[in-house]
Each structure stands twice: as structure tokens, then as C-alpha cells.
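Engineer: Got a structure for you, written out below as C-alpha cells; questions coming shortly.
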Amino acid sequence: MGINRREFLRIAGIASLWGLGGQAAFEILKPGAIEAQARAPLSQGKKWSMVIDTRKFKTPEDFQRCIDACNKTHNVPKVANVRQEIKWIWTEKYENAFPDDQNQFLPESMAHKSFLVLCNHCTDPPCVRVCPTQATFKRPDGIVMMDYHRCIGCRFCMAGCPYGARSFNWRDPRKFLKEPTNPEYPTRSKGVVEKCNFCEERIAKGLYPACAEASNGAMTFGDLDNPNSEVRKLLKENYSIRRKPSLGTQPNVYFLV
Amino acid sequence: MFEKALSGTKTYFSWIIFLLIFIGIGFACYLYQYNEGLGITGMSRDVSWGFYIAQFTFLVGVAASAVMLVLPYYLHDVKVFGKITILGEFLAIASVVMCILFVTVDVGYPNRLLNIILYPTPNSILFWDFLVLNIYLLLNLLIGWNVLAAERKAVAPPQWVKPLIYLSIPWAISIHTVTAFLYAGMPSRHFWLTAIMAVRFLGSAFAAGPAFLILLALLVKRLSTFDAGQEAINKLRNIVTYAILASIFFVLLELFTAFYSNIPGHKHAFQYLFFGLEGHNKYVAWTWISVVAGCLSALILLLPLARKSNAWLVAACIGVFGSLWIEKGLTLVVTGFMPSPLEHITEYAPTLPEIFIALGVWATGFLVLTLLYKIAISVKLDPNSASIH
């Protein structure tokens, strides 16, 4: 096979930029911007999912770029006390991200590798099952949402989540925010639970999730129900794993290893 | 009848003032927590439930244990319990009040607590727990108060109370079963994910609750002229004996499954409790105190010791209550979070304000208990109210 659609769009994008402004255009646009531009805007999805190509994360900066993009977009507070941190997307070692998949003879590259972890937006989410007020709920398109105004802060969802993907605002999060905050997304109050929302507010505008956009193509977002989507293509062509599949929660975040 | 709580000896009022001081301190600490958030507690991202929920869990058991008097008395006509059934029901009221308070101080947004009923969520066990606990409180208030009022007038309780009494029997079982389900249905929490959680809860509750009732009955006998009767105490003792044995047996069953299956996730929590895990051992001493106290108390109860002297019985009851308080009021909740779903171990210890808030809630429970017992005993000792028992 020749080049795929994505590659074609990329080359087409670069070519047109060269045509428009030559080298100057490259200096203006940040790395990764070209790729983002080359993607078709998101249309309606039936089952949103994320494919993380762990092979494309090489340096600590590769992870940090994605984490920072998320934190900035969602005003995620930087809590000094690590025990009471707020984490939407963060890194874990293989043994922590995939504790059920241990092997004494894992390749060196895997054993010491970091993995980006975030809410899996499970198809059958235990957090939604246990929430007594429907403050956490699943949308028809599969995104597991938090209603910060409905949450009573019982933290049942935190006990229920088998992935540690939820954080509680033990103190007023606004005290830990660096100004200026992103006015497009609300800040939270103390006493409520929060978590990754798959950038539903960006998807609504046809934009890709902030982390995926910052990942230089290492994170791919799309509709699992669409056989022609990028995510489906990646899953078809690569071997992928999910976190704790034996629990039956059906995570919608896939890792290519 | 309430006026009976307003007169009493100097000791009675000193005790009330003593409790009020603790309630005051607890309330002040709660105001601090309300302003600062739950960040003032020892809880964390990894251990998201702590001392409050553990107290709640333990006290649901104490509340449920009233059924150990109600059931024999009303279903099997065990007449000796007639005199003290009310004490069991009033203990249940005080316990449920504490349960509700412990949940209230534990939530991050207490002013939204009513969302539980405004948006009823049948798939959430917490919704059902809220429901069964409040109805159980109502049942015991209605039953206890009406039976006592009837006793004061030396008439039979109104007819409509009878079905409520029968309903309260399965209801007591339900409150502790539903509370066990809060834990027993969570994926990836191996320590809690066990089908015998509900019976384990009932076993320990039927030991701890009646043990506490024996202590209360003996205390009341010392402080007033009201005597529950040795026969009733003996029957309660038998209940405690079998329940603590069942409780120990259930823990052994858990240990067998964890260690014979050899599945790491199932073993970790028990290793953490008994020996410490990767150097983390905050609860090892507590666990062994609980094990030793529980087993020794069971032995005292089995041997003729506790049958011969009430001093031994008191020691055994303190042992049973203490052992099970450690098990459910301290270690059961915390250990469920060890290790975290990401295999990290974050230890937990309550902070001082957290402990004072908990003490404040306990003091409130004791205040409710004292007032109710004062009323009940005054009615029972009143020469003008001929007892029907």
C-alpha cells in the first residue's frame, strides 16, 4: 500500500504551507499544529475512545506536554500535598498501570517505561453504578461525566473506580490555581469529585482532546463505532492492551505497546 | 414522658455536661472542617474513606443488634427480655443517630446531602442504605416510644405497633446487609469483594451490640435500682458467645480463601493487616490486639468463668466490643484501600480534628442514649406506672 489518508493530509498540509508562506509559516506554527490542522474536525461520535501509542512516547517531555495541555485546559489545580492531589492524566510505571499483567521477564524497555493513564470512560463504569445522586453519569456517546453541582462528595465513586482515575477536592482548589485560568472551563469548589472528561467541551466544538492534540500524534481520539475511524484503523493494525480487562468494565482507552 | 429526662442526680447532670463539652469541641472542629474542607482529615486520594465511615459501619452493627432482643422476645416469647427490649431499641436509636451524623460529617458537600433523595438512584447502594437506615430509625422511635408510653399507663401498646415490631426484625438485618453491600460490590477492592461480607457483618454486630447491652444493663443496675435480671443477662451472654465464635470463624474462612488460593491481590490486604506490607504496618499492632482480645473473650465466655462471675463477663464483653470495634471501626475500611488500584500503598491515620469530630459524634450518641435510658428507666421504676411485664 502507498500512503494512508493521514499521511496524505499531512503532506498536503505541509505542501500548501510551503506554497503559502514557505519557512516563515513553520516558525509561526508550533510543532504538532500542522498535524492538528491536517485532521478532519470531529463529527458526532457514538462511542468515543482513545488509542495511546506508547511507542511514540520517548522522553519525559513527551508525557509532560500532554499532561500540561490537560491541566491548563481544565484549570486542574496543582495541590502541594501529593496525598490529596488532583490528577486527570498522569504517568505510572507499567507495574502500576497494568498490575494484573506482570511478568518477571518483561523486556527492559517495558518494565521501566512510563504510561499515561487517565479515566478509561468505561463502557460499564462502576463509578456510575455506585453514585447515589447521578452526579457521575455516562453520556450516550460513552463519555463518563461529572456534574460538579450535583456531587455531594461521598467519594463512593473513588472507592468504586478500579483505576484510581478520580480525585476529590479535599480543599478549595482555587487556592492552588495559577493565574490566569482558562475562562472557557469552570474551576471547581471544595468537596466535589472530578476527573478527566475526554475534553467533552472541546469535542462539542469539533476539536480534539487537549492531550491528544499536544501528543504529536501519539494519542489518537475517535469513534469506535465507526469502522473507518482512525482509532479503529489503529486497533486493527496493532496489538493493543487495556487496563484490568478481567473486571469487565470495558475500558475505552487502548494502549499500543 | 420527656420531662423525666430533665430531673436527676448530680452524677446524671455531670455526665450530661461532660458529654456536652465533647459535643462542643467536636462541633467547633466540624466548623473548621466545614470551612477548610475534608483536607484537614488524614484521608487522601488513595484512602478516600477513613475513620468517619469506619465508625458508621461499626455503629450500623450496634444498631442492628437490637434485633437480638426483639426477635427472641416477640417471635419466641422469651419473657425475660421483656424488661430490657426497650433498652435494645433505644440503643438502636442512638446508634442510627450516630450513623447519620457520621455520614453527614464525611460528605464533602453536606448542604447537598438531600440530593440522595431528590435524585433517587436505585443502582446505588448508598441510596438504599440512606433509605433503610432512616426507616429503621423511624421504626425504633415509633415502637420504643409507644411501647414505653403504654407501659407507663399500664395498658397494652396500640395494635398498630405490632406489625411494625415484626417489620423491624428483617429491617434490622437489612440495614447491616445493605451496609455490607457498600463494600462487597466494588471491583478491584479484593479485601471487600467477598460474598460473606454481609454475614460477617451480622456475626460481629450480634456479638458487639449485645456485649455493649450487657455492659449497659450492668451499669444501669449499679446506677439505679433497675435490674434487668440475671436471667436476661445470661441469655444475652449466650448470644454474644455464639456470635463472637461465628465472627471468628468467618474471618478464618476469609483467610483460607485468600491464602489457599494464593492470589496476590487477595492476600495483600491480610498481609498488610497481620504483618505489614512492604514496610507499611500502621495497623499490625491493632490487628493483633483485636485478634487476641476477640479470642480470649471467646474463651472466657466458653469456659464457666463468665457464668460464675459478672466480673469475668464484664471483661469478656469489653474484650468483644473492643476487638470488633478495632475490626470494623478501624481496620476494615482502611485495609480495603491497601494497596490502591494502582498498587501504591498510602497509609492513613486520622488527624486530631478528625478524632475530635468523631468523639463529638460519639458524645452526641451517648447523650441521646442517656436521655432515652433515663426516660425508660424512670418509667419502669415509677411506682405509679404498673409494669405490664
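The way I read the labels, and the way they are meant: chains A, B, ... in the order of the C-alpha cells, residue 1 as the first residue of every chain, and ligand 1 as the first ligand shown, with later ones counted on from there.
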Using only C-alpha atoms and a cut-off of 9 Å, which residues of chain B sit close to chain A? Please list them as a ChimeraX atom specification.

Structural biologist: /B:36-41,43-49,103,106-128,182-183,185-189,336-337,340-344,346

Engineer: In region 10-177 of chain A, what's alpha helix (DSSP H) per DSSP? Answer as a ChimeraX atom specification?

Structural biologist: /A:10-21,23-28,33-38,60-73,94-97,108-111,126-130,156-160

Engineer: Calculated over only C-alpha atoms, which of the candidates A:Thr73, A:Asn120, A:Asn197, A:Ser215 has the smallest distance to Asp147 (chain A)?

Structural biologist: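 Looking only at the distances to Asp147 (chain A), the closest residue turns out to be A:Asn197.
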
Engineer: Extract the full set of strand (DSSP E or B) residues from region 87-183 of chain A according to DSSP on the backbone, and format it as an MDAnalysis selection string.

Structural biologist: chainID A and resid 89:93 114:118 136:138 144:146 167:168

Engineer: Write out, as a tab-separated table (two decimals), in the first residue's frame, the residues just selected, with N, CA, C and O atoms.

Structural biologist:
```tsv
chain	number	residue	atom	x	y	z
A	89	ILE	N	-4.82	13.32	34.17
A	89	ILE	CA	-3.99	12.44	33.33
A	89	ILE	C	-2.58	12.52	33.90
A	89	ILE	O	-2.10	13.60	34.22
A	90	TRP	N	-1.98	11.37	34.09
A	90	TRP	CA	-0.66	11.35	34.74
A	90	TRP	C	0.09	10.09	34.32
A	90	TRP	O	-0.46	9.29	33.54
A	91	THR	N	1.31	9.95	34.78
A	91	THR	CA	2.08	8.77	34.36
A	91	THR	C	2.21	7.77	35.50
A	91	THR	O	2.25	8.14	36.67
A	92	GLU	N	2.27	6.52	35.11
A	92	GLU	CA	2.51	5.43	36.06
A	92	GLU	C	3.46	4.45	35.40
A	92	GLU	O	3.51	4.35	34.18
A	93	LYS	N	4.18	3.68	36.21
A	93	LYS	CA	5.02	2.62	35.69
A	93	LYS	C	4.14	1.47	35.19
A	93	LYS	O	2.99	1.34	35.60
A	114	SER	N	7.20	4.48	31.41
A	114	SER	CA	6.04	5.16	31.98
A	114	SER	C	4.87	5.06	31.01
A	114	SER	O	5.08	4.96	29.80
A	115	PHE	N	3.69	5.09	31.57
A	115	PHE	CA	2.49	5.04	30.74
A	115	PHE	C	1.56	6.18	31.16
A	115	PHE	O	1.42	6.44	32.35
A	116	LEU	N	0.95	6.80	30.18
A	116	LEU	CA	-0.03	7.82	30.52
A	116	LEU	C	-1.30	7.12	30.94
A	116	LEU	O	-1.78	6.22	30.24
A	117	VAL	N	-1.84	7.51	32.08
A	117	VAL	CA	-3.12	6.93	32.49
A	117	VAL	C	-4.14	8.04	32.73
A	117	VAL	O	-3.78	9.16	33.10
A	118	LEU	N	-5.37	7.71	32.47
A	118	LEU	CA	-6.47	8.66	32.61
A	118	LEU	C	-7.75	7.87	32.80
A	118	LEU	O	-7.71	6.63	32.83
A	136	THR	N	-22.33	11.50	38.71
A	136	THR	CA	-21.48	10.94	37.66
A	136	THR	C	-22.36	10.05	36.81
A	136	THR	O	-23.15	9.26	37.31
A	137	PHE	N	-22.27	10.29	35.52
A	137	PHE	CA	-23.19	9.60	34.61
A	137	PHE	C	-22.50	9.36	33.26
A	137	PHE	O	-21.49	10.01	32.95
A	138	LYS	N	-23.05	8.45	32.50
A	138	LYS	CA	-22.46	8.16	31.19
A	138	LYS	C	-23.34	8.73	30.10
A	138	LYS	O	-24.54	8.48	30.09
A	144	VAL	N	-17.90	9.42	30.32
A	144	VAL	CA	-18.34	9.39	31.71
A	144	VAL	C	-18.11	10.77	32.30
A	144	VAL	O	-17.00	11.26	32.35
A	145	MET	N	-19.21	11.40	32.69
A	145	MET	CA	-19.18	12.81	33.06
A	145	MET	C	-19.35	13.01	34.56
A	145	MET	O	-19.88	12.17	35.26
A	146	MET	N	-18.90	14.19	34.99
A	146	MET	CA	-19.11	14.61	36.39
A	146	MET	C	-19.96	15.87	36.38
A	146	MET	O	-19.67	16.82	35.66
A	167	SER	N	-10.39	12.11	41.47
A	167	SER	CA	-9.77	12.91	42.53
A	167	SER	C	-10.85	13.67	43.28
A	167	SER	O	-11.87	14.04	42.69
A	168	PHE	N	-10.57	13.91	44.54
A	168	PHE	CA	-11.51	14.65	45.37
A	168	PHE	C	-10.88	15.99	45.76
A	168	PHE	O	-9.69	16.05	46.04
```

Engineer: Need the shell around Thr335 (chain B): protein/DNA/RNA residues with any atom at most 9 Å away, counting only C-alpha atoms. Skip same-chain ones fewer than 5 positions apart. Format as number ranges by chain?

Structural biologist: B: 47, 191-192, 269-270, 272-273, 283, 330

Engineer: Any idea what's packed within 12 Å of Asp141 (chain A), counting only C-alpha atoms, ignoring anything in its chain fewer than 6 positions away? Could you give it as a PDB file with N, CA and C atoms, in the first residue's frame?

Structural biologist:
```
ATOM      1  N   SER A  43     -16.676  14.819  14.124  1.00  0.00           N
ATOM      2  CA  SER A  43     -18.112  14.879  13.896  1.00  0.00           C
ATOM      3  C   SER A  43     -18.767  14.141  15.063  1.00  0.00           C
ATOM      4  N   GLN A  44     -20.039  13.873  14.957  1.00  0.00           N
ATOM      5  CA  GLN A  44     -20.726  13.150  16.032  1.00  0.00           C
ATOM      6  C   GLN A  44     -20.154  11.746  16.168  1.00  0.00           C
ATOM      7  N   GLY A  45     -19.863  11.357  17.397  1.00  0.00           N
ATOM      8  CA  GLY A  45     -19.365  10.008  17.628  1.00  0.00           C
ATOM      9  C   GLY A  45     -20.361   9.229  18.455  1.00  0.00           C
ATOM     10  N   LYS A  46     -20.326   7.888  18.321  1.00  0.00           N
ATOM     11  CA  LYS A  46     -21.255   7.074  19.109  1.00  0.00           C
ATOM     12  C   LYS A  46     -20.549   6.462  20.305  1.00  0.00           C
ATOM     13  N   LYS A  47     -19.246   6.255  20.168  1.00  0.00           N
ATOM     14  CA  LYS A  47     -18.514   5.657  21.275  1.00  0.00           C
ATOM     15  C   LYS A  47     -17.083   6.169  21.222  1.00  0.00           C
ATOM     16  N   TRP A  48     -16.851   7.250  21.940  1.00  0.00           N
ATOM     17  CA  TRP A  48     -15.540   7.875  21.897  1.00  0.00           C
ATOM     18  C   TRP A  48     -14.500   6.994  22.566  1.00  0.00           C
ATOM     19  N   SER A  49     -13.326   6.984  21.967  1.00  0.00           N
ATOM     20  CA  SER A  49     -12.260   6.216  22.596  1.00  0.00           C
ATOM     21  C   SER A  49     -10.913   6.833  22.257  1.00  0.00           C
ATOM     22  N   HIS A 121     -13.162   5.911  30.690  1.00  0.00           N
ATOM     23  CA  HIS A 121     -14.509   6.093  30.138  1.00  0.00           C
ATOM     24  C   HIS A 121     -15.107   4.732  29.788  1.00  0.00           C
ATOM     25  N   CYS A 122     -15.150   3.905  30.818  1.00  0.00           N
ATOM     26  CA  CYS A 122     -15.571   2.507  30.674  1.00  0.00           C
ATOM     27  C   CYS A 122     -16.962   2.412  30.042  1.00  0.00           C
ATOM     28  N   THR A 123     -17.144   1.317  29.327  1.00  0.00           N
ATOM     29  CA  THR A 123     -18.463   1.055  28.762  1.00  0.00           C
ATOM     30  C   THR A 123     -19.441   0.693  29.879  1.00  0.00           C
ATOM     31  N   PHE A 198     -12.617  13.577  28.895  1.00  0.00           N
ATOM     32  CA  PHE A 198     -12.366  13.341  27.465  1.00  0.00           C
ATOM     33  C   PHE A 198     -12.502  14.642  26.668  1.00  0.00           C
ATOM     34  N   GLU A 200     -14.837  16.848  26.667  1.00  0.00           N
ATOM     35  CA  GLU A 200     -16.144  16.901  26.005  1.00  0.00           C
ATOM     36  C   GLU A 200     -16.477  18.315  25.519  1.00  0.00           C
ATOM     37  N   ILE A 203     -14.682  18.600  22.209  1.00  0.00           N
ATOM     38  CA  ILE A 203     -15.317  17.744  21.193  1.00  0.00           C
ATOM     39  C   ILE A 203     -16.574  18.420  20.650  1.00  0.00           C
ATOM     40  N   ALA A 204     -17.297  19.076  21.562  1.00  0.00           N
ATOM     41  CA  ALA A 204     -18.531  19.754  21.162  1.00  0.00           C
ATOM     42  C   ALA A 204     -18.249  20.806  20.084  1.00  0.00           C
ATOM     43  N   GLY A 222     -11.111   9.062  18.689  1.00  0.00           N
ATOM     44  CA  GLY A 222     -12.098   8.881  17.639  1.00  0.00           C
ATOM     45  C   GLY A 222     -13.246   7.989  18.052  1.00  0.00           C
ATOM     46  N   ASP A 223     -14.061   7.661  17.078  1.00  0.00           N
ATOM     47  CA  ASP A 223     -15.291   6.910  17.322  1.00  0.00           C
ATOM     48  C   ASP A 223     -15.079   5.421  17.067  1.00  0.00           C
ATOM     49  N   LEU A 224     -15.220   4.632  18.124  1.00  0.00           N
ATOM     50  CA  LEU A 224     -15.028   3.179  17.997  1.00  0.00           C
ATOM     51  C   LEU A 224     -16.127   2.541  17.159  1.00  0.00           C
ATOM     52  N   ASP A 225     -17.277   3.185  17.099  1.00  0.00           N
ATOM     53  CA  ASP A 225     -18.399   2.609  16.358  1.00  0.00           C
ATOM     54  C   ASP A 225     -18.291   2.861  14.854  1.00  0.00           C
ATOM     55  N   ASN A 252     -12.352   2.176  27.471  1.00  0.00           N
ATOM     56  CA  ASN A 252     -12.292   2.681  26.107  1.00  0.00           C
ATOM     57  C   ASN A 252     -10.997   3.442  25.830  1.00  0.00           C
TER      58      ASN A 252
END
```

Engineer: Rounded to one decimal place, report the CA of Ile241 (chain A)-CA of Ser261 (chain B) distance in Å.

Structural biologist: 26.3 Å

Engineer: Report, in Å with one decimal, the straight-line distance from CA of Ile93 (chain B) to CA of Ala195 (chain B).

Structural biologist: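 So the two atoms, CA of Ile93 (chain B) and CA of Ala195 (chain B), lie 28.4 Å apart.
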
Engineer: Find the residues near Ile143 (chain B): any atom within 10 Å, counting only C-alpha atoms, skip ones fewer than 5 places away on the same chain, and give them as a count of residues only.

Structural biologist: 16

Engineer: I'd like the contact shell of Met68 (chain B) - 9 Å cut-off, only C-alpha atoms, skipping same-chain residues fewer than 5 positions apart - returned as a PyMOL selection string.

Structural biologist: chain B and resi 73+88+169+206+209-210+236+239

Engineer: Keeping C-alpha atoms for every residue in the selection just given, could you write it to a file as a PDB file, in the first residue's frame?

Structural biologist:
```
ATOM      1  CA  TYR B  73     -38.957 -11.614  72.758  1.00  0.00           C
ATOM      2  CA  GLY B  88     -32.083  -2.558  72.898  1.00  0.00           C
ATOM      3  CA  ILE B 169     -36.854  -7.714  62.623  1.00  0.00           C
ATOM      4  CA  PHE B 206     -24.646  -9.628  67.060  1.00  0.00           C
ATOM      5  CA  GLY B 209     -24.157  -4.970  70.195  1.00  0.00           C
ATOM      6  CA  PRO B 210     -25.375  -7.403  72.865  1.00  0.00           C
ATOM      7  CA  LEU B 236     -27.556 -12.143  76.207  1.00  0.00           C
ATOM      8  CA  ILE B 239     -25.923 -14.704  72.191  1.00  0.00           C
TER       9      ILE B 239
END
```

Engineer: Show me, as a ChimeraX atom specification, the residues that have an atom within 12 Å of region 13-16 of chain B when counting only C-alpha atoms, minus same-chain residues fewer than 3 positions from it.

Structural biologist: /B:5-10,19-23,363-371,374

Engineer: What does the structure give for the distance between CA of Glu347 (chain B) and CA of Gly265 (chain B), in Å to one decimal?

Structural biologist: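 According to the coordinates, CA of Glu347 (chain B) and CA of Gly265 (chain B) are separated by 17.3 Å.
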